[in-house]
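Shown next: final-v2.cif, containing mmCIF, C-alpha atoms.
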```
data_run
loop_
_atom_site.label_atom_id
_atom_site.label_comp_id
_atom_site.auth_asym_id
_atom_site.auth_seq_id
_atom_site.Cartn_x
_atom_site.Cartn_y
_atom_site.Cartn_z
CA MET A 235 0.00 0.00 0.00
CA ASP A 236 1.41 3.41 -0.91
CA THR A 237 1.92 6.04 1.79
CA LYS A 238 -0.90 8.37 0.68
CA LYS A 239 -3.45 5.57 0.87
CA LEU A 240 -2.03 4.19 4.14
CA ILE A 241 -2.14 7.54 5.93
CA ALA A 242 -5.57 8.34 4.49
CA LYS A 243 -6.97 5.09 5.89
CA ASP A 244 -5.22 5.71 9.22
CA LEU A 245 -6.73 9.18 9.59
CA LEU A 246 -10.20 7.91 8.71
CA ALA A 247 -9.92 4.95 11.11
CA ILE A 248 -9.27 7.18 14.13
CA GLN A 249 -11.56 9.98 12.91
CA ALA A 250 -8.67 12.44 12.69
CA VAL A 251 -10.36 13.13 9.37
CA PHE A 252 -14.12 12.86 9.48
CA LEU A 253 -16.32 13.17 6.38
CA ARG A 254 -19.93 14.24 6.84
CA PRO A 255 -21.34 15.59 3.57
CA GLU A 256 -24.96 15.32 4.71
CA GLU A 257 -24.34 17.34 7.90
CA PRO A 258 -21.64 19.91 7.11
CA PHE A 259 -19.34 21.27 9.79
CA ILE A 260 -19.08 25.04 10.22
CA TRP A 261 -15.57 26.48 10.08
CA ALA A 262 -14.59 29.55 12.10
CA SER A 263 -14.79 31.53 8.85
CA GLY A 264 -18.45 30.53 8.50
CA ILE A 265 -17.77 28.21 5.55
CA LYS A 266 -19.76 25.00 5.54
CA SER A 267 -17.47 22.00 5.16
CA PRO A 268 -18.09 18.28 4.60
CA ILE A 269 -14.78 17.48 6.30
CA TYR A 270 -13.36 17.92 9.78
CA CYS A 271 -9.66 17.38 10.46
CA ASP A 272 -7.91 17.01 13.83
CA ASN A 273 -4.50 15.44 13.30
CA ARG A 274 -3.65 15.79 16.99
CA LEU A 275 -5.45 12.46 17.36
CA THR A 276 -2.51 10.82 15.60
CA LEU A 277 -0.40 11.47 18.70
CA THR A 278 -2.68 9.46 20.95
CA THR A 279 -2.80 6.46 18.61
CA PRO A 280 0.65 4.79 18.60
CA TRP A 281 0.27 2.74 15.41
CA VAL A 282 -0.93 5.76 13.42
CA ARG A 283 1.76 7.93 14.97
CA THR A 284 4.35 5.39 13.86
CA ASP A 285 3.02 5.43 10.28
CA VAL A 286 3.12 9.24 10.27
CA GLU A 287 6.68 9.54 11.58
CA ASN A 288 7.93 6.80 9.24
CA GLY A 289 6.23 8.68 6.42
CA PHE A 290 7.98 11.90 7.40
CA VAL A 291 11.32 10.10 7.50
CA GLN A 292 10.67 8.83 3.98
CA LEU A 293 9.72 12.31 2.69
CA LEU A 294 12.77 13.91 4.25
CA LYS A 295 15.17 11.32 2.87
CA GLU A 296 13.62 11.56 -0.59
CA HIS A 297 13.07 15.30 -0.95
CA PHE A 298 15.31 17.00 1.61
CA PRO A 299 18.38 14.80 2.13
CA THR A 300 20.57 17.82 2.97
CA ALA A 301 18.32 19.09 5.80
CA GLU A 302 20.17 19.95 9.00
CA LEU A 303 17.33 20.96 11.32
CA LEU A 304 13.59 20.30 11.70
CA MET A 305 11.29 23.07 12.91
CA GLY A 306 7.75 22.25 14.03
CA THR A 307 4.89 24.70 13.81
CA ALA A 308 3.22 25.60 17.09
CA THR A 309 1.51 23.70 18.38
CA ALA A 310 0.46 20.74 16.25
CA GLY A 311 3.74 20.28 14.40
CA ILE A 312 6.01 20.28 17.45
CA ALA A 313 5.60 16.67 18.58
CA HIS A 314 5.91 15.30 15.05
CA ALA A 315 9.07 17.32 14.46
CA ALA A 316 10.52 16.04 17.73
CA ILE A 317 9.75 12.37 17.06
CA THR A 318 10.96 12.50 13.46
CA ALA A 319 14.13 14.33 14.47
CA HIS A 320 14.76 11.68 17.13
CA ILE A 321 14.47 8.89 14.55
CA LEU A 322 16.88 10.69 12.22
CA ASP A 323 19.21 11.85 15.01
CA MET A 324 18.66 15.47 13.97
CA PRO A 325 18.26 18.65 16.01
CA MET A 326 14.82 20.27 16.15
CA GLY A 327 13.03 23.32 17.43
CA TYR A 328 9.77 25.08 16.82
CA VAL A 329 8.27 28.34 15.66
CA ARG A 330 5.75 30.16 17.82
CA SER A 331 2.72 31.80 16.23
CA SER A 332 3.94 35.03 17.87
CA ALA A 333 6.88 36.11 20.00
CA LYS A 334 6.77 35.53 23.75
CA ASP A 335 5.87 38.59 25.80
CA HIS A 336 8.46 37.77 28.47
CA GLY A 337 12.02 36.55 28.89
CA ARG A 338 13.99 36.76 25.65
CA GLN A 339 10.76 37.20 23.68
CA ASN A 340 11.69 34.37 21.33
CA ARG A 341 9.62 33.56 18.27
CA ILE A 342 11.89 30.67 17.33
CA GLU A 343 12.71 28.10 20.02
CA GLY A 344 15.85 26.00 19.74
CA ARG A 345 19.27 26.81 18.36
CA LEU A 346 19.18 28.11 14.78
CA ARG A 347 22.42 28.99 13.03
CA LYS A 348 22.62 31.47 10.15
CA GLY A 349 22.26 29.68 6.83
CA GLU A 350 21.21 26.39 8.44
CA ARG A 351 19.16 24.18 6.12
CA VAL A 352 15.71 23.80 7.69
CA VAL A 353 12.57 21.79 6.94
CA VAL A 354 9.31 22.84 8.59
CA VAL A 355 7.00 20.14 9.97
CA GLU A 356 3.27 20.94 9.85
CA ASP A 357 0.20 18.83 10.57
CA LEU A 358 -2.36 20.40 8.24
CA ILE A 359 -2.36 22.81 5.30
CA SER A 360 -5.55 24.49 4.11
CA THR A 361 -5.06 28.09 2.96
CA GLY A 362 -1.38 27.93 3.91
CA GLY A 363 -1.38 30.99 6.14
CA SER A 364 0.14 29.53 9.30
CA VAL A 365 2.95 27.61 7.64
CA ILE A 366 3.86 30.57 5.42
CA ASP A 367 4.06 32.71 8.56
CA ALA A 368 6.41 30.18 10.18
CA VAL A 369 8.63 29.97 7.10
CA GLU A 370 8.86 33.77 6.87
CA ALA A 371 9.90 33.95 10.52
CA LEU A 372 12.68 31.44 9.85
CA ARG A 373 13.81 33.26 6.73
CA GLU A 374 13.96 36.52 8.68
CA ALA A 375 16.28 34.69 11.09
CA ASP A 376 18.55 33.83 8.12
CA ALA A 377 17.56 30.16 7.90
CA ASP A 378 17.74 28.42 4.55
CA VAL A 379 14.23 26.92 4.47
CA LEU A 380 14.27 23.99 2.07
CA GLY A 381 10.54 23.31 2.32
CA VAL A 382 7.70 21.83 4.33
CA VAL A 383 6.45 18.34 5.16
CA SER A 384 2.89 17.92 6.41
CA ILE A 385 0.47 15.16 7.32
CA PHE A 386 -2.50 16.34 5.28
CA THR A 387 -3.30 19.01 2.73
CA TYR A 388 -6.66 20.00 1.33
CA GLY A 389 -5.06 20.95 -2.00
CA MET A 390 -7.24 24.05 -2.19
CA LYS A 391 -6.45 26.47 -5.00
CA LYS A 392 -5.93 29.38 -2.61
CA GLY A 393 -3.48 27.42 -0.49
CA LEU A 394 -1.51 26.15 -3.49
CA GLU A 395 -1.28 29.64 -4.97
CA ARG A 396 -0.15 31.20 -1.70
CA LEU A 397 2.58 28.61 -1.20
CA LYS A 398 3.81 29.15 -4.76
CA GLU A 399 3.85 32.92 -4.33
CA ALA A 400 5.86 32.51 -1.11
CA ASN A 401 8.28 30.17 -2.92
CA ILE A 402 7.53 27.30 -0.55
CA VAL A 403 7.50 23.65 -1.59
CA ASN A 404 5.34 21.27 0.47
CA TYR A 405 5.16 17.49 0.49
CA SER A 406 2.19 15.95 2.31
CA LEU A 407 1.80 12.38 3.47
CA THR A 408 -1.76 12.38 2.16
CA ASP A 409 -4.31 14.75 0.70
CA PHE A 410 -8.01 15.43 0.27
CA ASP A 411 -8.40 13.33 -2.87
CA ALA A 412 -6.64 10.33 -1.32
CA VAL A 413 -8.85 10.56 1.77
CA VAL A 414 -12.01 10.76 -0.33
CA ALA A 415 -10.95 7.72 -2.38
CA ALA A 416 -10.13 5.75 0.79
CA ALA A 417 -13.43 6.80 2.38
CA VAL A 418 -15.36 5.33 -0.56
CA GLU A 419 -13.30 2.13 -0.48
CA GLU A 420 -13.84 1.72 3.28
CA GLY A 421 -17.56 2.55 3.10
CA TYR A 422 -17.45 5.80 5.07
CA ILE A 423 -19.17 7.67 2.25
CA LYS A 424 -21.12 6.76 -0.88
CA PRO A 425 -19.53 6.84 -4.37
CA GLU A 426 -22.05 9.47 -5.42
CA ASP A 427 -20.66 11.82 -2.72
CA VAL A 428 -17.27 12.09 -4.43
CA ASP A 429 -18.19 14.78 -6.97
CA ARG A 430 -19.75 16.91 -4.23
CA LEU A 431 -16.66 16.63 -2.06
CA ILE A 432 -14.31 17.52 -4.92
CA ALA A 433 -16.53 20.51 -5.74
CA PHE A 434 -16.05 21.71 -2.16
CA ARG A 435 -12.28 21.23 -2.44
CA ASN A 436 -12.22 23.24 -5.67
CA ASP A 437 -14.16 26.19 -4.21
CA PRO A 438 -15.06 26.08 -0.49
CA SER A 439 -17.01 29.37 -0.76
CA ASP A 440 -19.43 27.84 -3.28
CA GLU A 441 -22.08 25.94 -1.33
CA SER A 442 -23.74 24.40 -4.38
CA TRP A 443 -22.25 21.02 -3.39
CA ILE A 444 -24.73 20.89 -0.49
CA LYS A 445 -27.94 19.10 -1.38
#
```
How does the structure come out when it is put into structure tokens?
Amino acid sequence: MDTKKLIAKDLLAIQAVFLRPEEPFIWASGIKSPIYCDNRLTLTTPWVRTDVENGFVQLLKEHFPTAELLMGTATAGIAHAAITAHILDMPMGYVRSSAKDHGRQNRIEGRLRKGERVVVVEDLISTGGSVIDAVEALREADADVLGVVSIFTYGMKKGLERLKEANIVNYSLTDFDAVVAAAVEEGYIKPEDVDRLIAFRNDPSDESWIK
């Protein structure tokens, strides 16, 4: 089984990704969504966590073999960065969403040397805002950010365009289309739901996919 399909089935099995096209979830933005994603659940399920970290190791060896440091995004990417770095015997740190208001007021935690080759570890990419913010903080600190690895990406047009504009390459263990395909295969959703779900992925603001 390839990694995309394996991770997709893992996330569905523990309801880290939950598909509910007949009863849409409401995002903070007000958008109605047929999918809910909480990859923090991977941390409390050892066999899924193992698949995720092994997947990250594979992505790093394949796409970023010269990486010197892993940086997790706060908070969901921190644990995955730490575990993956431990497997690879690499240093790691993390990037806060904002600087501390006390002490040294760090935004970046962990030792980062000028020009160090860094890969950012993220759990989820939708519009790309949070990971772009983390990468920009690292670049401002003179890191050489090679790219990003993430557990899941929606593959939304807005997110893809923003990452491209920011000159950021991302490799995800699985994506929306792989999850939808696995959900049909496992019987979580009906085959006739696929077109509706893809329509949502293509334009989340268009609610015509809702019956």
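Taking atom CA of Trp443 of chain A and atom CA of Val428 of chain A as endpoints, the distance between them is 10.3 Å.
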Each residue of segment 405-431 of chain A lying at most 9 Å from segment 280-302 of chain A should get a row with its shortest atom-to-atom pair and the distance in Å to one decimal, counting all atoms listed in the file; could you produce that, ordered by chain and increasing number, as JSON lines?
```
{"residue": "A:Tyr405", "atom": "CA", "partner": "A:Leu293", "partner_atom": "CA", "distance": 7.2}
{"residue": "A:Ser406", "atom": "CA", "partner": "A:Leu293", "partner_atom": "CA", "distance": 8.4}
{"residue": "A:Leu407", "atom": "CA", "partner": "A:Gly289", "partner_atom": "CA", "distance": 6.5}
```
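Within the file as shown, the PyMOL selection byres ((chain A and resi 375) around 12) identifies Val329, Asn340, Arg341, Ile342, Glu343, Arg345, Leu346, Arg347, Lys348, Gly349, Glu350, Arg351, Val352, Ala368, Val369, Glu370, Ala371, Leu372, Arg373, Glu374, Asp376, Ala377, Asp378 and Val379 of chain A.
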Expansion of the PyMOL selection byres ((chain A and resi 433-436) around 12) into residues, as a PyMOL selection string: chain A and resi 255+258+265-269+360-361+387-394+409-411+413-414+427-432+437-444
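Atom pair atom CA of Ser364 of chain A / atom CA of Leu304 of chain A: separated by 16.5 Å.
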Mind telling me what the PyMOL selection byres ((chain A and resi 243) around 12) catches here, as a JSON list (two decimals) with C-alpha atoms, in the coordinates of the input?
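Generated file (result-v3.json):
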```
[["chain", "number", "residue", "atom", "x", "y", "z"],
["A", 235, "MET", "CA", 0.00, 0.00, 0.00],
["A", 236, "ASP", "CA", 1.41, 3.41, -0.91],
["A", 237, "THR", "CA", 1.92, 6.04, 1.79],
["A", 238, "LYS", "CA", -0.90, 8.37, 0.68],
["A", 239, "LYS", "CA", -3.45, 5.57, 0.87],
["A", 240, "LEU", "CA", -2.03, 4.19, 4.14],
["A", 241, "ILE", "CA", -2.14, 7.54, 5.93],
["A", 242, "ALA", "CA", -5.57, 8.34, 4.49],
["A", 244, "ASP", "CA", -5.22, 5.71, 9.22],
["A", 245, "LEU", "CA", -6.73, 9.18, 9.59],
["A", 246, "LEU", "CA", -10.20, 7.91, 8.71],
["A", 247, "ALA", "CA", -9.92, 4.95, 11.11],
["A", 248, "ILE", "CA", -9.27, 7.18, 14.13],
["A", 249, "GLN", "CA", -11.56, 9.98, 12.91],
["A", 250, "ALA", "CA", -8.67, 12.44, 12.69],
["A", 251, "VAL", "CA", -10.36, 13.13, 9.37],
["A", 252, "PHE", "CA", -14.12, 12.86, 9.48],
["A", 282, "VAL", "CA", -0.93, 5.76, 13.42],
["A", 285, "ASP", "CA", 3.02, 5.43, 10.28],
["A", 286, "VAL", "CA", 3.12, 9.24, 10.27],
["A", 407, "LEU", "CA", 1.80, 12.38, 3.47],
["A", 408, "THR", "CA", -1.76, 12.38, 2.16],
["A", 409, "ASP", "CA", -4.31, 14.75, 0.70],
["A", 410, "PHE", "CA", -8.01, 15.43, 0.27],
["A", 412, "ALA", "CA", -6.64, 10.33, -1.32],
["A", 413, "VAL", "CA", -8.85, 10.56, 1.77],
["A", 414, "VAL", "CA", -12.01, 10.76, -0.33],
["A", 415, "ALA", "CA", -10.95, 7.72, -2.38],
["A", 416, "ALA", "CA", -10.13, 5.75, 0.79],
["A", 417, "ALA", "CA", -13.43, 6.80, 2.38],
["A", 418, "VAL", "CA", -15.36, 5.33, -0.56],
["A", 419, "GLU", "CA", -13.30, 2.13, -0.48],
["A", 420, "GLU", "CA", -13.84, 1.72, 3.28],
["A", 421, "GLY", "CA", -17.56, 2.55, 3.10],
["A", 422, "TYR", "CA", -17.45, 5.80, 5.07]]
```
For a quick check of understanding, using all atoms listed in the file, which of A:Lys398, A:Arg330, A:His314, A:Arg254 has the smallest distance to Thr278 of chain A? A:His314
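Our summary of the geometry notes that atom CA of Ile423 of chain A is positioned 18.7 Å from atom CA of Asp272 of chain A.
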Extract, using all atoms listed in the file, all DNA, RNA and protein residues at most 8 Å from Met326 of chain A, discarding same-chain residues fewer than 4 positions from it, and format them as a PDB file with C-alpha atoms, in the coordinates of the input.
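The result, written out as selection03.pdb:
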```
ATOM      1  CA  LEU A 303      17.330  20.960  11.320  1.00  0.00           C
ATOM      2  CA  LEU A 304      13.590  20.300  11.700  1.00  0.00           C
ATOM      3  CA  MET A 305      11.290  23.070  12.910  1.00  0.00           C
ATOM      4  CA  GLY A 306       7.750  22.250  14.030  1.00  0.00           C
ATOM      5  CA  ALA A 315       9.070  17.320  14.460  1.00  0.00           C
ATOM      6  CA  ALA A 316      10.520  16.040  17.730  1.00  0.00           C
ATOM      7  CA  ALA A 319      14.130  14.330  14.470  1.00  0.00           C
ATOM      8  CA  GLY A 344      15.850  26.000  19.740  1.00  0.00           C
TER       9      GLY A 344
END
```
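With only C-alpha atoms as the atoms that count, the residue of A:Cys271, A:Glu257, A:Ile312, A:Glu395 with the shortest distance to Val355 of chain A is A:Ile312.
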Residues within 8 Å of Ala400 of chain A, only C-alpha atoms, excluding chain neighbours under 3 positions, as an MDAnalysis selection string: chainID A and resid 366 396:397
List the neighbours of Asp357 of chain A out to 8 Å using all atoms listed in the file; skip same-chain residues closer than 2 positions along the sequence, and give me the result as a tab-separated table (two decimals) with C-alpha atoms, in the frame of the given file.
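Contents of the output file selection-v7.tsv:
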```
chain	number	residue	atom	x	y	z
A	273	ASN	CA	-4.50	15.44	13.30
A	310	ALA	CA	0.46	20.74	16.25
A	311	GLY	CA	3.74	20.28	14.40
A	355	VAL	CA	7.00	20.14	9.97
A	359	ILE	CA	-2.36	22.81	5.30
A	384	SER	CA	2.89	17.92	6.41
A	385	ILE	CA	0.47	15.16	7.32
A	386	PHE	CA	-2.50	16.34	5.28
```
